[in-house]
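J.: Please read through the structure below; I'll follow up with questions.
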Amino acid sequence: MRLLWIALAAFACGASADELAAARRGQYVATAANCISCHTREGGAAFSGGRALATPLGTIHSTNITPDRETGIGTWSAADLKRALREGIAADGRHLFPAFPYPFYTRMTEADIADLFAYLRTLKPVRYLPPDNDAAFRMRWTMAPWKALNLDPGAYRADPAQSAEWNRGAYLVQGPGHCGACHTPRTWSLAEQSAAPLQGAVMRDDIKGGGVRDWFAVGLAATKQGLGAWTIEHIVDYLGKGYGARAGSFGPMNAVIANSTRRLRPEDLRAIAVYLKSLRGTDYAGAAVGAEDARSGAPLYEKHCRECHGPSGRGGPFDGPPLAGSAIVQGENASSLINVILQGSDKPDGIGSPTWETMPAYAESLDDAELAALANFLRASWGNRASPVAPADVAHQRQGAN
Amino acid sequence: MKRIPAALLGALSMLPMTSTADDQDVIDYRRHIMETLKAQTAALGMIMSGAIPDDNVVAHIDIIAGTAATALKSFEPKVEGGDAKAEVWAQWDDFSARMNDFAAKTAAMSKAAHEQGKDEALLLAMDALTCKQCHDDYRVKKPAAGN
């Protein structure tokens with residue numbers, strides 16, 4: 001449908017075949033960069049902005065990137081878009097906040113940026129001005145020293161020691177895919193920790209009706225608590241279909257898969273997987289759940305979880321995802337595990353297993369102590385190893401869940 | 001054909017010809033059928049995952065198909081309870097159509113297993129064993145049932 005619109009828009013503007021081809025390639029770039037997820041508010045026109053994004057500094061709203069001349073980016077040139085992506089500076093010279101992930105987009109190639117511009121020009125202009133941001137985001141001057149410290153501008157440089165496939169994957173992950181925006185821990189100044197790329201990090205989303213909720217974006221390195229047990233096929237399945245033999249999607253990854261990764265070419269998903277499988281990390285060696293704490297959660301597992309996740313947490317193609325070896329279950333921070341138990345695992349249509357049942361919400365049937373006991377059982381069983389969960393951790397997540 | 005002993009015939013004739021199932025019997029009966037389907041698909045899934053050798057594939061598929069053919073009958077008495085939502089009977093046309101579809105697809109899988117082989121049959125499994133689709137609509141979500 002959108003391709004048809006591009007063709008019609010291009011035709012109406014008297015666009016050449018070259019411009020049409022560039023716009024088509026640019027649509028793929030926009031998909032890989034998942035522009036639509038952040039630049040679309042619920043119920044709003046695609047790319048017209050206004051989505052509230054929770055950050056540690058407060059709420060910031062995404063901008064309108066349709067070509068409307070007054071409220072969007074209709075007056076921007078190709079050079080303006082390039083400067084925004086590479087340096088985080090808007091056409092009017094204002095510094096942009098890195099909620100717009102230009103520390104990643106700066107790695108995009110010249111060609112991809114030019115194609116993306118061609119595509120954005122073909123969007124239907126939408127007149128819509130997003131709401132004002134919280135106070136912290138009026139101090140744009142703070143971004144100049146932040147960038148001086150933290151922004152390393154410039155396109156991705158291929159590693160000649162690696163294969164073309166690995167480099168393509170590294171480009172997609174580090175550049176347009178901006179996986180590290182959620183999966184890489186941040187420093188005190190909220191910059192990504194370059195020493196710990198994709199090792200897993202806490203992120204937040206907004207809750208309908210107010211408040212924010214923590215999630216743990218799992219470590220993607222080949223550790224026992226990360227993707228160590230995943231094969232390339234498992235990663236390709238997960239990103240392409242929203243589920244694979246190792247996990248099913250829920251929470252913030254739903255939008256990433258629905259709007260971006262499932263629309264990528266199979267060879268690009270494979271390249272991403274090849275790159276991710278090359279990431280090294282360290283298995284968790286800190287304090288783990290004790291045997292006593294683990295045991296008290298076992299009856300709850302039998303009662304609530306066993307039917308779908310199996311007698312020994314291994315799941316199955318007609319049962320549910322495995323919990324043994326799961327990155328979510330063993331997260332350095334248990335917030336995503338707690339969230340999925342509290343809220344269940346709703347997914348948009350078209351992604352997720354056709355045979356796994358939708359995980360129900362347990363917010364009302366398990367209290368904080370029970371849910372912590374269950375989480376501790378999961379985190380200490382079947383070879384899993386992770387830090388203990390306290391009832392207070394569950395209470396913290398529950399404030400957002402209800 | 002061997003002659004059936006008269007004493008056995010006499011005993012059989014004393015069995016009631018009409019069901020006296022009470023409500024709990026109805027619920028328990030359909031639960032046994034559903035649990036059989038659950039256990040057999042889980043076992044088949046282990047084989048499909050490569051965890052277990054595939055020697056028993058045809059047997060599992062036959063049990064699933066045979067049990068699927070009994071499933072709709074077990075819901076015909078309108079007895080709410082267990083894990084069944086009231087929608088089963090409120091939307092009986094849809095529910096029964098989907099159950100019949102399930103029986104037909106698993107029967108086709110069984111036929112393929114015998115006529116074409118295991119691999120051909122397993123290709124049909126992901127489409128035939130979509131228990132989730134009906135369970136999402138017609139089965140009570142576990143925590144809400146309070147069990």
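Order determines the names: the first chain of the structure tokens is A, the second B, and so forth; residues in each chain are numbered 1 upward, and ligands are numbered 1 upward as they are shown.
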Sort by chain and increasing residue number a table of all residues of chain B within 7 Å of chain A, each with its closest pair of atoms and their distance in Å to one decimal, counting only C-alpha atoms, and write it as a tab-separated table.

T.:
residue	atom	partner	partner_atom	distance
B:Thr41	CA	A:Phe318	CA	6.4
B:Ala42	CA	A:Phe318	CA	6.0
B:Gly45	CA	A:Pro317	CA	5.4
B:Met46	CA	A:Gly316	CA	6.4
B:Leu129	CA	A:Thr355	CA	6.9
B:Thr130	CA	A:Thr355	CA	4.8
B:Cys131	CA	A:Thr355	CA	6.3
B:Lys132	CA	A:Glu357	CA	4.7
B:Asp136	CA	A:Glu357	CA	6.7
B:Lys141	CA	A:Pro360	CA	6.1
B:Pro143	CA	A:Ser365	CA	5.7

J.: Report the residues of stretch 297-358 of chain A whose backbone DSSP state falls under helix (DSSP H, G or I), written as a list in words.

T.: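 After running DSSP on the backbone, stretch 297-358 of chain A has helix (DSSP H, G or I) at Ala298, Pro299, Leu300, Tyr301, Glu302, Lys303, His304, Arg306, Glu307, Cys308, His309, Ser335, Ser336, Leu337, Ile338, Asn339, Val340, Ile341, Leu342 and Gln343 of chain A.
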
J.: Could you tell me which of B:Ala51, B:Ala125, B:Thr67, B:Gly82 comes closest to B:Asp23 if we count only C-alpha atoms?

T.: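 Selected residue with least distance to B:Asp23: B:Gly82.
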
J.: By how many Å are atom CA of A:Gly58 and atom CA of A:Ala135 apart?

T.: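 Taking atom CA of A:Gly58 as the start and atom CA of A:Ala135 as the end point, the length is 8.0 Å.
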
J.: Applying 10 Å and only C-alpha atoms, which residues near A:Ala288 remain after dropping the ones on its own chain fewer than 6 positions away? List them as a ChimeraX atom specification.

T.: /A:376,379-380,384-389

J.: Would you save the residues of that selection, restricted to N, CA, C and O atoms, as a compact mmCIF listing (two decimals), in the first residue's frame?

T.:
# COMPACT_ATOMS: atom_id res chain seq x y z
N ASN A 376 12.18 -16.35 41.56
CA ASN A 376 13.42 -16.93 42.09
C ASN A 376 13.55 -18.41 41.72
O ASN A 376 14.64 -18.89 41.42
N ARG A 379 14.68 -18.44 38.18
CA ARG A 379 16.06 -17.93 38.03
C ARG A 379 17.11 -18.89 38.59
O ARG A 379 18.30 -18.69 38.38
N ALA A 380 16.66 -19.93 39.31
CA ALA A 380 17.62 -20.87 39.90
C ALA A 380 17.44 -22.29 39.39
O ALA A 380 18.14 -23.20 39.83
N ASN A 384 19.63 -22.38 35.18
CA ASN A 384 19.60 -20.91 35.20
C ASN A 384 20.37 -20.38 36.41
O ASN A 384 20.41 -21.02 37.46
N ARG A 385 20.95 -19.21 36.25
CA ARG A 385 21.67 -18.58 37.35
C ARG A 385 21.49 -17.07 37.23
O ARG A 385 21.80 -16.48 36.20
N ALA A 386 20.97 -16.48 38.31
CA ALA A 386 20.74 -15.04 38.30
C ALA A 386 20.56 -14.55 39.72
O ALA A 386 20.41 -15.34 40.65
N SER A 387 20.57 -13.23 39.87
CA SER A 387 20.45 -12.63 41.20
C SER A 387 19.03 -12.81 41.76
O SER A 387 18.09 -12.98 41.00
N PRO A 388 18.89 -12.78 43.09
CA PRO A 388 17.56 -12.96 43.69
C PRO A 388 16.63 -11.78 43.41
O PRO A 388 17.08 -10.65 43.23
N VAL A 389 15.34 -12.08 43.40
CA VAL A 389 14.30 -11.07 43.23
C VAL A 389 13.60 -10.89 44.58
O VAL A 389 13.29 -11.87 45.26

J.: So that I can see what lies close to stretch 215-227 of chain A, please list as a list in words the residues with an atom at most 7 Å from it, counting only C-alpha atoms and leaving out residues fewer than 6 positions away in the same chain.

T.: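 Neighbouring residues, sequence-local ones excluded: Cys182, His183, Leu198, Gln199, Gly200, Ala201, Val202, Met203, Arg204, Leu276, Lys277, Leu279, Arg280, Gly281, Thr282, Asp283, Tyr284, Gly325, Ala327, Ile328, Gln330, Gly331, Asn333, Ala334, Ser335 and Ser336 of chain A.
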
J.: Tell me which of A:Ala99, A:Met253, A:Val340, A:Ala164 sits closest to A:Ala271, counting only C-alpha atoms.

T.: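 Of A:Ala99, A:Met253, A:Val340, A:Ala164, the one nearest A:Ala271, counting only C-alpha atoms, is A:Ala164.
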
J.: Once DSSP has gone over the backbone, tell me which residues of stretch 205-342 of chain A are in strand (DSSP E), as a PyMOL selection string.

T.: chain A and resi 205-206+212-217

J.: Excluding B:Tyr29 and residues on its chain fewer than 4 positions from it, collect all residues at most 7 Å away from it, counting only C-alpha atoms, and give them as a list of chain:residue names.

T.: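 Close residues of B:Tyr29: B:Asp25, B:Ile33, B:Ser74.
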
J.: Let me see the file: selected residues, N, CA and C atoms, as a PDB file, in the first residue's frame.

T.:
ATOM      1  N   ASP B  25     -19.199 -35.099  35.676  1.00  0.00           N
ATOM      2  CA  ASP B  25     -18.752 -36.123  34.718  1.00  0.00           C
ATOM      3  C   ASP B  25     -18.495 -35.503  33.346  1.00  0.00           C
ATOM      4  N   ILE B  33     -10.158 -35.610  27.542  1.00  0.00           N
ATOM      5  CA  ILE B  33      -9.897 -35.552  26.097  1.00  0.00           C
ATOM      6  C   ILE B  33      -8.908 -34.441  25.781  1.00  0.00           C
ATOM      7  N   SER B  74     -17.736 -34.125  23.212  1.00  0.00           N
ATOM      8  CA  SER B  74     -17.607 -33.931  24.659  1.00  0.00           C
ATOM      9  C   SER B  74     -18.085 -32.549  25.099  1.00  0.00           C
TER      10      SER B  74
END
